[in-house]
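Reviewing the structure listed below.
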Amino acid sequence: MKKFDKERLLLAVAGPVIALAVAFVLSAIVLLASGKSPFEPFALMFEQLGFSDIQVLIINQASMYYIAALAVAIGFRMNLFNIGVDGQYQLGAMMAAVVGAHVNLPAALQVPLLLLTAVLTGAFWSGIAGVLKVTRGVSEVVATIMLNAIATSLIAYMWLPNVFGVKAGNNNTTGEMSESGWIPGISLGDAGEIYGLVLLAVLLGIGYWIVLNRTRFGFDLRASGASTTAAAASGVDPKRMVLTAMLISGGIAGLAGLPILLGDSHTYDLNFPTGIGFLGIGIALLGRNSPVGIAFAALLWAWLDKASPELDFHGYDKEIAVIMQGLIVLSVVVSYEAVREWGLRRQQRRVGAELAAGHVLGAQNTKEVAGR
């Protein structure tokens, strides 16, 4: 491996490692300040990794986190901050549930219909922010935040009994979906069942890497994110790339809720998980927008979620996991900036040394020529 490649690898790994180390240390300080052991909670959560049912829960949860984080990462690659992933994923799941409850086709048609419904819904919702940005210069941050609020209200409206809602006791639901739209999982006996759409998350990660690193579109996307003026000079339309990136980001976000919708709940109700889109931001940051890095970050987040309930049985607050997640996000921002500055200084020193070596060599050549 070349020296330059080793330095790039070191810089890529240093940020997440420092962020996690700082988050663990700060979490330990919080525990000490509350008069608790700074080590036992982590030991208890690590013990949970040995239980097969917890492993299944982690994988299932990580699949949704991973898809949401990929949606965020696409925006990041274009230098866009799509905060609206949460609204896009909830609307995508809601519309897929509505279609699944009112349409009953053969499984070969029903499942693609539900996937397409979720993708188009998420893309439409993110496309609103994209259109506002390219036509009126509205910040995608502001637009997507407002669209999240509108999505919440729209879902509440669709839950009305005279719209698409079906009352189940005190719970609002969209009614049970047709069985042809259910996706069977991988049964592990008493440990539970891994969602069938975990495979979708894997395929999306592979597709994300191929598109960004092996296609002209991916190059244009990354170039536009790095410098819109340079991309425009090379013939790329920045506005078109912004709109395209937002549409793709929203389309993938629309799929984030489908692993649990089609694999477990089979309806969209008040118990459907929320906040996944916001967690995707921290996961994408920790994974440095890399499909492999995001996978590890999603598994870490899912582990903190699913292992932390055990703390309640040992006198600890399970909210320590939430504190750690927040500290990880803060640590990521600080550590990545520190690593970036360190990398720039190393690059400057290397360039300076090369220039100095070239100057010395040039002086030696001049002396040799003069001596002749």
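Convention: chains lettered A, B, ... in structure tokens order; per-chain residue numbering from 1; ligands numbered from 1 as shown.
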
Using the chain letters and numbers from this document, which residues of range 44-207 of chain A does DSSP assign to helix (DSSP H, G or I), as a PyMOL selection string?
chain A and resi 44-48+52-77+85-102+107-136+140-158+179-181+189-191+198-207

Which of range 104-211 of chain A fall in strand (DSSP E or B), as a PyMOL selection string:
chain A and resi 166-168+171-173+186-187+193-194

Create the file for the chosen residues now, containing N, CA, C and O atoms and written as an mmCIF file, in the first residue's frame.
data_model
loop_
_atom_site.group_PDB
_atom_site.id
_atom_site.type_symbol
_atom_site.label_atom_id
_atom_site.label_comp_id
_atom_site.auth_asym_id
_atom_site.auth_seq_id
_atom_site.Cartn_x
_atom_site.Cartn_y
_atom_site.Cartn_z
ATOM 1 N N VAL A 166 -58.417 3.343 10.538
ATOM 2 C CA VAL A 166 -59.215 2.255 11.100
ATOM 3 C C VAL A 166 -58.915 2.217 12.598
ATOM 4 O O VAL A 166 -57.770 2.029 13.000
ATOM 5 N N LYS A 167 -59.942 2.397 13.431
ATOM 6 C CA LYS A 167 -59.758 2.405 14.878
ATOM 7 C C LYS A 167 -59.601 0.983 15.403
ATOM 8 O O LYS A 167 -60.370 0.090 15.057
ATOM 9 N N ALA A 168 -58.573 0.791 16.251
ATOM 10 C CA ALA A 168 -58.366 -0.489 16.918
ATOM 11 C C ALA A 168 -58.192 -0.184 18.403
ATOM 12 O O ALA A 168 -57.078 0.002 18.889
ATOM 13 N N ASN A 171 -56.049 2.881 19.453
ATOM 14 C CA ASN A 171 -54.959 3.003 18.488
ATOM 15 C C ASN A 171 -55.499 3.405 17.118
ATOM 16 O O ASN A 171 -56.527 2.902 16.670
ATOM 17 N N ASN A 172 -54.792 4.339 16.479
ATOM 18 C CA ASN A 172 -55.113 4.702 15.096
ATOM 19 C C ASN A 172 -54.293 3.834 14.160
ATOM 20 O O ASN A 172 -53.065 3.760 14.298
ATOM 21 N N THR A 173 -54.917 3.192 13.203
ATOM 22 C CA THR A 173 -54.210 2.333 12.263
ATOM 23 C C THR A 173 -54.716 2.591 10.844
ATOM 24 O O THR A 173 -55.708 3.298 10.646
ATOM 25 N N ILE A 186 -36.341 -14.361 7.906
ATOM 26 C CA ILE A 186 -35.488 -15.538 8.127
ATOM 27 C C ILE A 186 -35.690 -15.978 9.567
ATOM 28 O O ILE A 186 -35.273 -15.294 10.505
ATOM 29 N N SER A 187 -36.345 -17.104 9.757
ATOM 30 C CA SER A 187 -36.653 -17.573 11.111
ATOM 31 C C SER A 187 -35.411 -18.164 11.777
ATOM 32 O O SER A 187 -34.700 -18.977 11.185
ATOM 33 N N GLU A 193 -37.135 -13.554 14.264
ATOM 34 C CA GLU A 193 -37.083 -13.583 12.802
ATOM 35 C C GLU A 193 -36.424 -12.318 12.267
ATOM 36 O O GLU A 193 -36.789 -11.208 12.645
ATOM 37 N N ILE A 194 -35.446 -12.490 11.399
ATOM 38 C CA ILE A 194 -34.796 -11.347 10.752
ATOM 39 C C ILE A 194 -35.672 -10.882 9.593
ATOM 40 O O ILE A 194 -36.132 -11.693 8.784
#

Can I get the residues of range 226-273 of chain A within 7 Å of range 42-65 of chain A, each with the closest pair of atoms and their distance in Å to one decimal, using only C-alpha atoms, sorted chain first then ascending number, as a tab-separated table?
residue	atom	partner	partner_atom	distance
A:Ala256	CA	A:Met64	CA	5.0
A:Gly257	CA	A:Met64	CA	6.3
A:Pro259	CA	A:Met64	CA	6.7

Export of prior selection with N, CA, C and O atoms as a compact mmCIF listing (two decimals), in the first residue's frame:
# COMPACT_ATOMS: atom_id res chain seq x y z
N ALA A 256 -37.23 3.44 4.29
CA ALA A 256 -36.64 3.15 5.60
C ALA A 256 -37.59 2.43 6.55
O ALA A 256 -37.16 1.65 7.41
N GLY A 257 -38.89 2.67 6.42
CA GLY A 257 -39.83 2.04 7.34
C GLY A 257 -40.39 0.71 6.85
O GLY A 257 -41.12 0.02 7.59
N PRO A 259 -38.93 -2.31 6.16
CA PRO A 259 -38.55 -3.59 6.78
C PRO A 259 -39.50 -4.01 7.89
O PRO A 259 -39.91 -5.17 7.95

Which residues are close to Ala108 in chain A, i.e. within 12 Å by only C-alpha atoms, leaving aside same-chain residues fewer than 6 positions away? Reply as a PyMOL selection string.
chain A and resi 114-115+180-183

Please dump the current selection as a PDB file, in the first residue's frame; keep N, CA and C atoms.
ATOM      1  N   LEU A 114     -45.834  -1.836  -3.497  1.00  0.00           N
ATOM      2  CA  LEU A 114     -45.628  -1.192  -2.199  1.00  0.00           C
ATOM      3  C   LEU A 114     -44.271  -0.498  -2.133  1.00  0.00           C
ATOM      4  N   LEU A 115     -43.238  -1.155  -2.676  1.00  0.00           N
ATOM      5  CA  LEU A 115     -41.907  -0.534  -2.709  1.00  0.00           C
ATOM      6  C   LEU A 115     -41.931   0.737  -3.545  1.00  0.00           C
ATOM      7  N   SER A 180     -50.560 -10.724   0.704  1.00  0.00           N
ATOM      8  CA  SER A 180     -49.683 -10.822  -0.470  1.00  0.00           C
ATOM      9  C   SER A 180     -48.563  -9.788  -0.426  1.00  0.00           C
ATOM     10  N   GLY A 181     -48.723  -8.767   0.422  1.00  0.00           N
ATOM     11  CA  GLY A 181     -47.687  -7.750   0.557  1.00  0.00           C
ATOM     12  C   GLY A 181     -46.745  -7.999   1.714  1.00  0.00           C
ATOM     13  N   TRP A 182     -47.001  -9.061   2.478  1.00  0.00           N
ATOM     14  CA  TRP A 182     -46.105  -9.389   3.581  1.00  0.00           C
ATOM     15  C   TRP A 182     -44.832 -10.048   3.027  1.00  0.00           C
ATOM     16  N   ILE A 183     -43.710  -9.677   3.603  1.00  0.00           N
ATOM     17  CA  ILE A 183     -42.438 -10.272   3.177  1.00  0.00           C
ATOM     18  C   ILE A 183     -41.923 -11.169   4.293  1.00  0.00           C
TER      19      ILE A 183
END

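By chain and then residue number, the residues within 10 Å of Asp237 in chain A are Asp220, Ser224, Thr228, Thr229, Ala231, Ala232, Ala233, Met241 and Val242 of chain A, counting only C-alpha atoms and disregarding those fewer than 4 positions away in sequence.
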
Long-range neighbours of Ile128 in chain A as a list in words, 10 Å cut-off, only C-alpha atoms, 5 positions minimum in chain
Ala123, Lys133, Glu140, Ala143, Thr144, Leu147, Leu243, Met246 and Leu247 of chain A

Okay, now the selection with all heavy atoms, as an mmCIF file, in the first residue's frame?
data_model
loop_
_atom_site.group_PDB
_atom_site.id
_atom_site.type_symbol
_atom_site.label_atom_id
_atom_site.label_comp_id
_atom_site.auth_asym_id
_atom_site.auth_seq_id
_atom_site.Cartn_x
_atom_site.Cartn_y
_atom_site.Cartn_z
ATOM 1 N N ALA A 123 -39.811 10.519 -2.538
ATOM 2 C CA ALA A 123 -39.204 11.390 -3.551
ATOM 3 C C ALA A 123 -40.061 12.631 -3.781
ATOM 4 O O ALA A 123 -39.525 13.740 -3.933
ATOM 5 C CB ALA A 123 -39.024 10.619 -4.853
ATOM 6 N N LYS A 133 -35.563 25.012 -3.574
ATOM 7 C CA LYS A 133 -34.162 25.443 -3.529
ATOM 8 C C LYS A 133 -33.667 25.933 -4.890
ATOM 9 O O LYS A 133 -33.003 26.972 -4.979
ATOM 10 C CB LYS A 133 -33.275 24.301 -3.028
ATOM 11 C CG LYS A 133 -31.813 24.709 -2.868
ATOM 12 C CD LYS A 133 -31.000 23.613 -2.235
ATOM 13 C CE LYS A 133 -29.542 24.053 -2.051
ATOM 14 N NZ LYS A 133 -29.404 25.152 -1.093
ATOM 15 N N GLU A 140 -32.633 24.146 1.938
ATOM 16 C CA GLU A 140 -33.249 22.831 2.109
ATOM 17 C C GLU A 140 -33.427 22.477 3.576
ATOM 18 O O GLU A 140 -34.305 21.684 3.937
ATOM 19 C CB GLU A 140 -32.410 21.754 1.408
ATOM 20 C CG GLU A 140 -31.126 21.348 2.099
ATOM 21 C CD GLU A 140 -29.983 22.312 1.828
ATOM 22 O OE1 GLU A 140 -30.209 23.325 1.148
ATOM 23 O OE2 GLU A 140 -28.868 22.047 2.294
ATOM 24 N N ALA A 143 -36.720 24.241 4.538
ATOM 25 C CA ALA A 143 -37.844 23.622 3.826
ATOM 26 C C ALA A 143 -38.151 22.233 4.373
ATOM 27 O O ALA A 143 -39.324 21.886 4.592
ATOM 28 C CB ALA A 143 -37.522 23.545 2.332
ATOM 29 N N THR A 144 -37.124 21.430 4.609
ATOM 30 C CA THR A 144 -37.375 20.061 5.073
ATOM 31 C C THR A 144 -37.863 20.029 6.517
ATOM 32 O O THR A 144 -38.651 19.148 6.887
ATOM 33 C CB THR A 144 -36.102 19.193 4.923
ATOM 34 O OG1 THR A 144 -34.979 19.870 5.526
ATOM 35 C CG2 THR A 144 -35.798 18.909 3.477
ATOM 36 N N LEU A 147 -41.469 20.763 6.196
ATOM 37 C CA LEU A 147 -42.154 19.629 5.577
ATOM 38 C C LEU A 147 -42.321 18.469 6.561
ATOM 39 O O LEU A 147 -43.289 17.697 6.465
ATOM 40 C CB LEU A 147 -41.381 19.165 4.339
ATOM 41 C CG LEU A 147 -41.527 20.064 3.103
ATOM 42 C CD1 LEU A 147 -40.516 19.688 2.040
ATOM 43 C CD2 LEU A 147 -42.946 19.968 2.545
ATOM 44 N N LEU A 243 -31.677 18.988 -7.555
ATOM 45 C CA LEU A 243 -33.013 18.406 -7.593
ATOM 46 C C LEU A 243 -32.942 16.877 -7.663
ATOM 47 O O LEU A 243 -33.694 16.168 -6.962
ATOM 48 C CB LEU A 243 -33.794 18.952 -8.786
ATOM 49 C CG LEU A 243 -35.248 18.469 -8.932
ATOM 50 C CD1 LEU A 243 -36.041 18.780 -7.672
ATOM 51 C CD2 LEU A 243 -35.897 19.104 -10.151
ATOM 52 N N MET A 246 -31.916 15.436 -4.267
ATOM 53 C CA MET A 246 -33.012 15.487 -3.308
ATOM 54 C C MET A 246 -34.051 14.408 -3.608
ATOM 55 O O MET A 246 -34.592 13.779 -2.687
ATOM 56 C CB MET A 246 -33.663 16.867 -3.319
ATOM 57 C CG MET A 246 -32.833 17.967 -2.666
ATOM 58 S SD MET A 246 -32.492 17.660 -0.916
ATOM 59 C CE MET A 246 -34.131 17.797 -0.210
ATOM 60 N N LEU A 247 -34.343 14.195 -4.874
ATOM 61 C CA LEU A 247 -35.317 13.164 -5.243
ATOM 62 C C LEU A 247 -34.828 11.767 -4.856
ATOM 63 O O LEU A 247 -35.586 10.955 -4.312
ATOM 64 C CB LEU A 247 -35.601 13.222 -6.742
ATOM 65 C CG LEU A 247 -36.411 14.429 -7.239
ATOM 66 C CD1 LEU A 247 -36.442 14.466 -8.759
ATOM 67 C CD2 LEU A 247 -37.838 14.391 -6.684
#

Can you tell me which residues surround range 283-299 of chain A at a distance of at most 9 Å, considering only C-alpha atoms, apart from same-chain residues fewer than 2 positions away, and format the answer as a ChimeraX atom specification?
/A:12,15-16,19-20,58-59,61-66,68-74,76-77,205-206,208-209,279-281,301-304,328-329,332-333

Counting only C-alpha atoms, give me one row per residue of range 166-217 of chain A with an atom at most 9 Å from an atom of range 79-102 of chain A, showing the shortest contact pair and its distance in Å to one decimal, sorted by chain then residue number, as a Markdown table.
| residue | atom | partner | partner_atom | distance |
| --- | --- | --- | --- | --- |
| A:Thr174 | CA | A:Val98 | CA | 5.9 |
| A:Gly175 | CA | A:Ala101 | CA | 6.1 |
| A:Glu176 | CA | A:Ala101 | CA | 5.8 |
| A:Met177 | CA | A:Ala101 | CA | 4.0 |
| A:Ser178 | CA | A:Ala101 | CA | 5.6 |
| A:Glu179 | CA | A:Gly100 | CA | 8.7 |
| A:Ser180 | CA | A:Gly100 | CA | 8.7 |
| A:Gly181 | CA | A:Gly100 | CA | 6.5 |

Residues of the last selection are to be written out with C-alpha atoms, as a PDB file, in the first residue's frame.
ATOM      1  CA  THR A 174     -54.458   2.074   8.497  1.00  0.00           C
ATOM      2  CA  GLY A 175     -55.934  -1.431   8.756  1.00  0.00           C
ATOM      3  CA  GLU A 176     -54.096  -4.677   8.174  1.00  0.00           C
ATOM      4  CA  MET A 177     -52.357  -5.003   4.837  1.00  0.00           C
ATOM      5  CA  SER A 178     -53.153  -7.805   2.397  1.00  0.00           C
ATOM      6  CA  GLU A 179     -51.026 -10.875   3.092  1.00  0.00           C
ATOM      7  CA  SER A 180     -49.683 -10.822  -0.470  1.00  0.00           C
ATOM      8  CA  GLY A 181     -47.687  -7.750   0.557  1.00  0.00           C
TER       9      GLY A 181
END

Can you pull out every residue within 10 Å of Asp317 in chain A, counting only C-alpha atoms, but drop anything in the same chain fewer than 6 positions away, and send it as a list in words?
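So, after excluding close chain neighbours, the residues are Leu31, Pro41, Ser308, Pro309, Glu310 and Leu311 of chain A.
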